[in-house]
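*Asks:* Dropping in work_19.cif, which is mmCIF, C-alpha atoms:
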```cif
data_work
#
loop_
_atom_site.label_atom_id
_atom_site.label_comp_id
_atom_site.auth_asym_id
_atom_site.auth_seq_id
_atom_site.Cartn_x
_atom_site.Cartn_y
_atom_site.Cartn_z
CA MET A 1 119.04 110.92 118.71
CA PRO A 2 116.99 113.91 117.48
CA THR A 3 114.08 115.11 119.59
CA GLY A 4 110.89 113.15 118.97
CA GLN A 5 112.65 110.08 117.61
CA ARG A 6 113.04 106.71 119.28
CA ASP A 7 115.38 103.79 118.72
CA TYR A 8 113.56 100.44 118.66
CA SER A 9 116.43 98.53 117.05
CA THR A 10 116.80 96.32 120.13
CA ALA A 11 113.16 95.18 120.05
CA ARG A 12 112.47 91.47 119.83
CA LEU A 13 111.40 90.73 116.25
CA THR A 14 108.73 88.08 115.84
CA ARG A 15 108.89 85.65 112.95
CA HIS A 16 105.65 87.19 111.68
CA ALA A 17 107.21 90.68 111.62
CA LEU A 18 110.26 89.42 109.72
CA GLU A 19 108.12 87.53 107.19
CA ARG A 20 105.89 90.58 106.60
CA PHE A 21 108.98 92.76 106.23
CA VAL A 22 110.37 90.51 103.48
CA GLU A 23 106.95 90.20 101.82
CA ARG A 24 106.20 93.93 101.83
CA PHE A 25 109.65 95.50 101.47
CA GLY A 26 111.60 92.86 99.56
CA GLY A 27 115.04 91.53 100.24
CA GLU A 28 116.38 88.19 101.29
CA PRO A 29 114.97 86.45 104.36
CA ASP A 30 118.46 86.06 105.87
CA GLN A 31 118.94 89.85 105.67
CA ALA A 32 115.51 90.73 107.13
CA ASP A 33 116.65 90.94 110.76
CA PRO A 34 119.54 93.41 110.25
CA SER A 35 117.58 95.44 107.67
CA LEU A 36 114.53 95.81 109.90
CA ARG A 37 116.70 96.66 112.91
CA ALA A 38 118.46 99.36 110.86
CA ALA A 39 115.07 100.86 109.93
CA LEU A 40 113.91 100.77 113.55
CA THR A 41 116.94 102.78 114.66
CA ARG A 42 115.21 106.05 113.69
CA THR A 43 111.46 106.03 114.31
CA ARG A 44 108.69 108.46 115.10
CA ARG A 45 105.76 107.39 117.24
CA LEU A 46 102.40 107.63 115.46
CA GLY A 47 100.12 106.63 118.31
CA ARG A 48 99.01 104.00 120.82
CA ASN A 49 96.09 101.59 120.70
CA PRO A 50 94.44 101.85 124.14
CA GLU A 51 92.75 98.45 123.76
CA ASN A 52 95.97 96.44 123.65
CA ASP A 53 98.73 99.01 124.41
CA ALA A 54 100.30 98.44 120.98
CA VAL A 55 102.34 101.35 119.64
CA ALA A 56 102.66 102.28 115.95
CA VAL A 57 105.95 103.82 114.86
CA LEU A 58 106.94 105.32 111.53
CA ALA A 59 110.30 104.47 109.95
CA LEU A 60 111.99 104.51 106.56
CA HIS A 61 113.48 101.55 104.71
CA ARG A 62 115.25 102.34 101.45
CA GLY A 63 113.18 105.49 101.08
CA ARG A 64 109.86 103.72 101.66
CA VAL A 65 107.56 104.43 104.59
CA LEU A 66 107.34 101.55 107.05
CA VAL A 67 104.99 101.29 110.03
CA ALA A 68 105.99 98.88 112.78
CA ILE A 69 103.51 97.76 115.41
CA LEU A 70 105.15 97.12 118.77
CA ASN A 71 103.85 95.84 122.06
CA GLY A 72 106.27 96.43 124.89
CA THR A 73 109.68 95.42 123.59
CA THR A 74 108.36 93.18 120.80
CA CYS A 75 107.80 94.12 117.15
CA LEU A 76 104.61 92.28 116.20
CA THR A 77 104.25 93.20 112.52
CA VAL A 78 105.33 95.57 109.78
CA LEU A 79 102.94 97.42 107.46
CA THR A 80 103.19 99.70 104.46
CA TRP A 81 101.58 103.13 104.82
CA PRO A 82 98.47 102.20 102.74
CA GLN A 83 97.92 99.17 104.97
CA PHE A 84 98.21 101.24 108.14
CA GLU A 85 96.30 104.36 107.07
CA PRO A 86 92.79 102.87 107.61
CA ARG A 87 93.88 101.98 111.17
CA LEU A 88 94.94 105.49 112.17
CA ILE A 89 91.85 105.87 114.35
CA GLU A 90 92.74 102.68 116.29
CA PHE A 91 95.98 104.40 117.31
CA GLY A 92 94.34 107.64 118.44
CA ARG A 93 94.79 109.64 115.23
CA THR A 94 91.79 111.14 113.54
CA HIS A 95 93.73 112.41 110.52
CA MET A 96 97.02 112.09 108.65
CA PRO A 97 100.11 113.51 110.37
CA ARG A 98 100.84 117.13 109.46
CA LYS A 99 104.01 118.09 107.64
CA ARG A 100 104.61 114.58 106.40
CA GLY A 101 107.49 115.54 104.11
CA ARG A 102 109.41 117.15 106.95
CA MET A 103 108.78 114.12 109.16
CA LEU A 104 110.23 111.83 106.49
CA ARG A 105 113.26 114.06 105.96
CA ARG A 106 113.97 113.95 109.69
CA LEU A 107 113.78 110.16 109.72
CA ALA A 108 116.29 109.88 106.87
CA GLU A 109 119.95 109.53 107.75
CA PRO A 110 121.66 112.91 108.20
CA GLY A 111 122.73 114.24 104.83
CA ALA A 112 120.58 111.73 102.92
CA GLU A 113 117.37 112.85 101.29
CA PRO A 114 114.64 110.17 101.35
CA ALA A 115 113.42 109.03 97.97
CA PRO A 116 109.85 110.16 97.30
CA ASP A 117 107.55 107.37 98.42
CA PRO A 118 104.66 107.06 95.96
CA GLU A 119 102.55 105.45 98.72
CA TRP A 120 102.82 108.53 100.92
CA SER A 121 103.40 111.73 99.01
CA PRO A 122 104.31 114.71 101.19
CA GLY A 123 101.64 117.09 99.94
CA PRO A 124 101.90 120.89 99.89
CA GLU A 125 102.53 121.37 103.62
CA GLY A 126 105.55 118.99 103.71
#
```
Can you dump the structure from the file as structure tokens?
*Replies:*
Amino acid sequence: MPTGQRDYSTARLTRHALERFVERFGGEPDQADPSLRAALTRTRRLGRNPENDAVAVLALHRGRVLVAILNGTTCLTVLTWPQFEPRLIEFGRTHMPRKRGRMLRRLAEPGAEPAPDPEWSPGPEG
């Protein structure tokens, strides 16, 4: 596992998280569990909410940015980047992560370039 990445693929997935994953990222409900677990294999921590100890992690699913909210060993929900962005401050971030493009490239499988995500464009520093 590369430095700075975490594997949350063994987290308990709530029914709510699986339903939101299907709703927001498509796919068949019977494939939601393995697809979400595959995405959670390579994550980058975005921050922690001190009020409830929830942790936000960034992942990629089919080239799209996915934010999973975990509490302990349980994945509570899954958000798209635009849904999570207004909540950055709740997770201790006052601004967007720097070098977003590089962060996404590192989350992609080795040798695979992530597709550009229109919801989270890398910007000039990426």
*Asks:* Check which residues satisfy the PyMOL selection byres ((chain A and resi 70) around 9) in the file shown, then give them as an NGL selection string.
*Replies:* :A and (11 or 53-57 or 68-69 or 71-77)
*Asks:* Taking 6 positions as the minimum chain separation for residues in the same chain, which residues sit within 9 Å of region 26-35 of chain A when counting all atoms listed in the file? Answer as JSON, numbers by chain.
*Replies:* {"A": [13, 18, 19, 61]}
*Asks:* Using only C-alpha atoms for the distances, tell me which of A:Arg37, A:His95, A:Arg6, A:Arg12 is nearest to Leu58 (chain A).
*Replies:*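 Ranking A:Arg37, A:His95, A:Arg6, A:Arg12 by distance to Leu58 (chain A), first place goes to A:Arg6.
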*Asks:* Using the file's own x, y and z axes, what box holds all listed atoms of region 3-11 of chain A with 6 Å on each side, keeping edges along x, y and z, and what are its centre and edge lengths in Å to one decimal, as AutoDock Vina command-line options?
*Replies:*
```
--center_x 113.8 --center_y 105.1 --center_z 118.6 --size_x 17.9 --size_y 31.9 --size_z 15.1
```
*Asks:* By how many Å are CA of Arg87 (chain A) and CA of Gly63 (chain A) apart?
*Replies:*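 Between CA of Arg87 (chain A) and CA of Gly63 (chain A) the gap is 22.1 Å.
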*Asks:* Name the closest residue to Gly92 (chain A) among the candidates A:Arg20, A:Arg45, A:Arg62, A:Arg106; distances are taken between atoms, counting only C-alpha atoms.
*Replies:*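 Looking at the shortest contact to Gly92 (chain A), the residue is A:Arg45.
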*Asks:* Using only C-alpha atoms, determine which residues lie at most 8 Å from Leu60 (chain A), disregarding the query and same-chain residues fewer than 2 positions distant; provide the list as a PyMOL selection string.
*Replies:* chain A and resi 39+42-43+58+62-66+104+107-108
*Asks:* What would the file look like if the residues just selected were written as an mmCIF file, in the coordinates of the input with C-alpha atoms?
*Replies:*
```cif
data_model
loop_
_atom_site.group_PDB
_atom_site.id
_atom_site.type_symbol
_atom_site.label_atom_id
_atom_site.label_comp_id
_atom_site.auth_asym_id
_atom_site.auth_seq_id
_atom_site.Cartn_x
_atom_site.Cartn_y
_atom_site.Cartn_z
ATOM 1 C CA ALA A 39 115.070 100.860 109.930
ATOM 2 C CA ARG A 42 115.210 106.050 113.690
ATOM 3 C CA THR A 43 111.460 106.030 114.310
ATOM 4 C CA LEU A 58 106.940 105.320 111.530
ATOM 5 C CA ARG A 62 115.250 102.340 101.450
ATOM 6 C CA GLY A 63 113.180 105.490 101.080
ATOM 7 C CA ARG A 64 109.860 103.720 101.660
ATOM 8 C CA VAL A 65 107.560 104.430 104.590
ATOM 9 C CA LEU A 66 107.340 101.550 107.050
ATOM 10 C CA LEU A 104 110.230 111.830 106.490
ATOM 11 C CA LEU A 107 113.780 110.160 109.720
ATOM 12 C CA ALA A 108 116.290 109.880 106.870
#
```
